[in-house]
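Colleague: Can you keep this structure in mind? I'll have questions shortly.
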Amino acid sequence: MLSKIVSIYLAIFNFATWLASRVAGAIFSNRCLAAGTLLACGLLAIGPWLRPAISPDFRGIHIPWSSATSAKFLPEHVAEVPRPWRWDSVATPVLVVVAVGMIVVLVRPAWTRHVFGLLVALSIPAIAAAFWNHPALVEFLEGEIRQRTMIRAVIRQHADDMLSGGAPDRLSVLGGHNTNITELEDAHPLWYPFRYSVYGIWLIELALMGALVAQAGGWWKRCRYVAAWTAVGVGFAVAVTWPRWVAEYHWARLESQENASRFADAAQSLEAARLAMPEFQATRRYWNARGRLDYRQHLNNSYVAFFKASQHIEQDNPDLARAELEPQIRLTGGTAPERDLLGEVIGRLAVRYIESGQQSAGEVAWGQAAEVVPWEPAYWIAETSAILAASPKKARELEDRLVQRLPQVGDRMVKSDFSSLIADAYFVTGDLERARDFYARAMSTFDLPKYVNLHAQKGMLGM
């Protein structure tokens, strides 16, 4: 009897170890590892590539190869979510190679190295196109840093009761500390996108690793193989972003010509830069350069007004900046760069009003900024904060009107603070049930154990 039990136990043990060995062998086989790496490449392709300070992330499937093929890929059109999955996106060819590569890995494993080599050659130009073919989008990301600073100034009035009172903003994970636009002013615009890069560059690294491992032979042979595909990718990247490099060449000429007081030649170089990359016309960089050149040639137009307003805001004179810029926008309706600058100017004034205790003036200013730049969420968030601080009884009205717009906000700290502000207003008016609901939403949104605000948590849990 004992021998039968032992034999059954041994049979079960042998079967279990055999099954575990087969499963482990399958999981760690070359084909399975290659397929898993390809799947990871696909996930990185559809993951976040560019991260704004406030708005939701821009994923690889949202960013086209060039603005020339999509005239509407400008901030005022793409800031709001949900964003469509674009067939002309930088992620599309990568996903096609991943899908075909899965079949190749299973049917022709000897070709695996070519799949990863092709991924290297595609991922490099994809990242280059996302970074440098959309200067207006990158300026939008810069603008959100300035707006996030304004929101922080408004929320600071309630810092003791905000869960995110002592937490850094969402870009601190990428940059190491709270974002500050002054850090960008000393860098060349070509470096700006790296500030907002999330997972896109990881795609290049993973594809390089896959190609290096899949290639047989010694390390010298492997490195030569990877270097060849990398050179192809760099060549594609230069070709895809060639208009940007031509435009930057003309920008460099513009600066040297302007320094030599050759303003007519500098204006021609600026026009050449705009023709090379027409999207520059939708950027502050172009408007400032054009306005500066026209101003130095004693002209008077909307570009000059924009330049003067920019100078006033740099000197912290938002009143003068508004007086310079607002008449032009009332007259013509204003382009996106003009409206964006005016929104920032009015936002600066609103912050001044709030800090000096002029709540009503701040509320009006935030509302005006939100009307001027409706595609940027920072202003209606700040307007709501000012309204609730002055009139808590409007909590229900603002909830019905604005809570449905919270998906337009990607920063969970801002979402949490927004819910806390509404909860505080309900608490003041005595609607404790709604206050508990929004306090719970705030705690659920900002559930980050690394940044704990015990004072705020005790207050909310006390509800």
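Residues are referred to by chain and number: the chain letter is A, B, ... according to the order shown in the structure tokens, the number counts from 1 in that chain, and ligands are numbered separately from 1 in the order shown.
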Residues near segment 381-384 of chain A, anyone? I mean within 9 Å using only C-alpha atoms, not counting same-chain ones fewer than 6 positions away, as a list of chain:residue names.

Modeller: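 That gives A:Met150, A:Ile151, A:Val154, A:Ile155, A:Gly347, A:Gly362, A:Glu363, A:Val364, A:Ala365, A:Trp366, A:Gly367, A:Ala369, A:Ala370, A:Leu398, A:Leu402, A:Val414, A:Phe418, A:Leu421, A:Ile422.
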
Colleague: Within 6 Å of Ile54 of chain A, counting only C-alpha atoms, which residues show up once you throw out same-chain ones fewer than 6 positions away? Write them as a ChimeraX atom specification, please.

Modeller: /A:409-411

Colleague: List every residue of segment 37-249 of chain A that DSSP, applied to the backbone, labels as helix (DSSP H, G or I), and write the result as JSON, numbers by chain.

Modeller: {"A": [37, 38, 39, 40, 41, 42, 43, 44, 45, 46, 60, 61, 62, 67, 68, 69, 75, 76, 77, 78, 92, 93, 94, 95, 96, 97, 98, 99, 100, 101, 102, 103, 104, 105, 106, 107, 109, 110, 111, 112, 113, 114, 115, 116, 117, 118, 119, 120, 121, 122, 123, 124, 125, 126, 127, 128, 129, 130, 131, 132, 135, 136, 137, 138, 139, 140, 141, 142, 143, 144, 145, 146, 147, 148, 149, 150, 151, 152, 153, 154, 155, 156, 157, 158, 159, 160, 161, 172, 173, 174, 175, 182, 183, 184, 185, 189, 190, 191, 192, 193, 194, 195, 196, 200, 201, 202, 203, 204, 205, 206, 207, 208, 209, 210, 211, 212, 213, 214, 219, 220, 221, 222, 223, 224, 225, 226, 227, 228, 229, 230, 231, 232, 233, 234, 235, 236, 237, 238, 239, 240, 242, 243, 244, 245, 246, 247, 248, 249]}

Colleague: Check the DSSP output for the backbone and give back, as a ChimeraX atom specification, the residues of segment 27-255 of chain A in strand (DSSP E or B).

Modeller: /A:48-50,58-59,64,89,197

Colleague: Those same residues, written as a short mmCIF file (atom, residue, chain, number, x, y, z; two decimals), in the first residue's frame with N, CA, C and O atoms?

Modeller:
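Output file part11.cif follows:
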data_model
loop_
_atom_site.label_atom_id
_atom_site.label_comp_id
_atom_site.auth_asym_id
_atom_site.auth_seq_id
_atom_site.Cartn_x
_atom_site.Cartn_y
_atom_site.Cartn_z
N PRO A 48 2.10 57.07 -23.95
CA PRO A 48 2.36 58.52 -23.96
C PRO A 48 3.75 58.84 -24.48
O PRO A 48 4.74 58.27 -24.03
N TRP A 49 3.83 59.78 -25.40
CA TRP A 49 5.11 60.24 -25.95
C TRP A 49 5.44 61.65 -25.49
O TRP A 49 6.60 61.95 -25.22
N LEU A 50 4.44 62.52 -25.41
CA LEU A 50 4.65 63.90 -24.97
C LEU A 50 3.66 64.20 -23.85
O LEU A 50 2.46 63.93 -23.99
N PHE A 58 -0.11 63.24 -25.02
CA PHE A 58 -0.17 62.97 -26.46
C PHE A 58 0.53 61.63 -26.70
O PHE A 58 1.71 61.48 -26.42
N ARG A 59 -0.21 60.67 -27.21
CA ARG A 59 0.33 59.34 -27.47
C ARG A 59 0.85 59.25 -28.90
O ARG A 59 0.54 60.09 -29.75
N PRO A 64 0.78 63.09 -35.90
CA PRO A 64 1.06 62.79 -37.31
C PRO A 64 2.53 62.98 -37.64
O PRO A 64 3.28 63.62 -36.91
N SER A 89 -0.40 58.62 -38.13
CA SER A 89 0.37 58.86 -36.92
C SER A 89 1.75 58.22 -37.03
O SER A 89 1.99 57.30 -37.82
N SER A 197 9.21 64.56 -22.98
CA SER A 197 9.25 63.19 -23.49
C SER A 197 8.95 62.20 -22.38
O SER A 197 9.46 62.31 -21.26
#

Colleague: Out of A:Ala79, A:Leu208, A:Ala214, A:Ala386, which residue has the shortest atom-to-atom distance to Pro374 of chain A when counting only C-alpha atoms?

Modeller: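 For Pro374 of chain A, the nearest of the given residues is A:Ala79.
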
Colleague: Compile the contact shell of segment 95-104 of chain A as an MDAnalysis selection string: residues with an atom at most 12 Å away, counting only C-alpha atoms, same-chain residues fewer than 3 positions apart removed.

Modeller: chainID A and resid 31:47 60:61 87:92 107:123 126 203 207

Colleague: Using only C-alpha atoms, pick whichever of A:His298, A:His188, A:Lys72, A:Lys4 has the shortest atom-to-atom distance to Arg285 of chain A.

Modeller: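 With only C-alpha atoms as the atom set, the closest residue is A:His188.
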
Colleague: Neighbouring residues of Glu279 of chain A were defined as those with any atom within 8 Å, considering only C-alpha atoms; residues of the same chain fewer than 5 positions away were excluded. Please report them as a list in words.

Modeller: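 The residues satisfying every condition are Ser67, His134, Pro135, Ala136 and Arg274 of chain A.
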
Colleague: Could you name the residues that touch Thr429 of chain A at 12 Å or less, counting only C-alpha atoms, but leaving out those on the same chain fewer than 5 positions away, as a VMD selection string?

Modeller: chain A and resid 388 391 to 396 422 to 424 434 to 435

Colleague: Would you save the residues from that selection as a PDB file, in the first residue's frame, using C-alpha atoms?

Modeller:
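Writing the result to part.pdb gives the following:
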ATOM      1  CA  LEU A 388     -16.222  79.217  -5.341  1.00  0.00           C
ATOM      2  CA  SER A 391     -19.724  82.456  -3.838  1.00  0.00           C
ATOM      3  CA  PRO A 392     -19.870  78.910  -2.366  1.00  0.00           C
ATOM      4  CA  LYS A 393     -23.602  78.746  -3.157  1.00  0.00           C
ATOM      5  CA  LYS A 394     -22.727  78.366  -6.839  1.00  0.00           C
ATOM      6  CA  ALA A 395     -21.212  74.923  -6.223  1.00  0.00           C
ATOM      7  CA  ARG A 396     -24.147  73.010  -7.777  1.00  0.00           C
ATOM      8  CA  ILE A 422     -16.273  72.012  -4.849  1.00  0.00           C
ATOM      9  CA  ALA A 423     -16.387  69.896  -1.682  1.00  0.00           C
ATOM     10  CA  ASP A 424     -15.306  72.890   0.417  1.00  0.00           C
ATOM     11  CA  ARG A 434     -22.320  66.274  -1.564  1.00  0.00           C
ATOM     12  CA  ALA A 435     -19.233  67.458   0.325  1.00  0.00           C
TER      13      ALA A 435
END

Colleague: What does the distance between atom CA of Ala129 of chain A and atom CA of Trp242 of chain A come to in Å, to one decimal place?

Modeller: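 Taking atom CA of Ala129 of chain A as the start and atom CA of Trp242 of chain A as the end point, the length is 9.9 Å.
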
Colleague: Write out as a ChimeraX atom specification which residues come within 10 Å of Tyr225 of chain A when counting only C-alpha atoms, dropping same-chain ones fewer than 3 positions away.

Modeller: /A:113-114,117,211-212,215-216,219-222,228-230

Colleague: Report, in Å with one decimal, the straight-line distance from atom CA of His312 of chain A to atom CA of Leu141 of chain A.

Modeller: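 We find that atom CA of His312 of chain A and atom CA of Leu141 of chain A lie 22.0 Å from each other.
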
Colleague: Out of A:Pro189, A:Ala53, A:Gly217, A:Asp400, which residue has the shortest atom-to-atom distance to Thr149 of chain A when counting only C-alpha atoms?

Modeller: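 Of A:Pro189, A:Ala53, A:Gly217, A:Asp400, the one nearest Thr149 of chain A is A:Ala53, counting only C-alpha atoms.
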
Colleague: Closest to Ala350 of chain A among A:Asn259, A:Ser419, A:Thr332, A:Gln147, using only C-alpha atoms?

Modeller: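 Of all the options, A:Gln147 lies closest to Ala350 of chain A.
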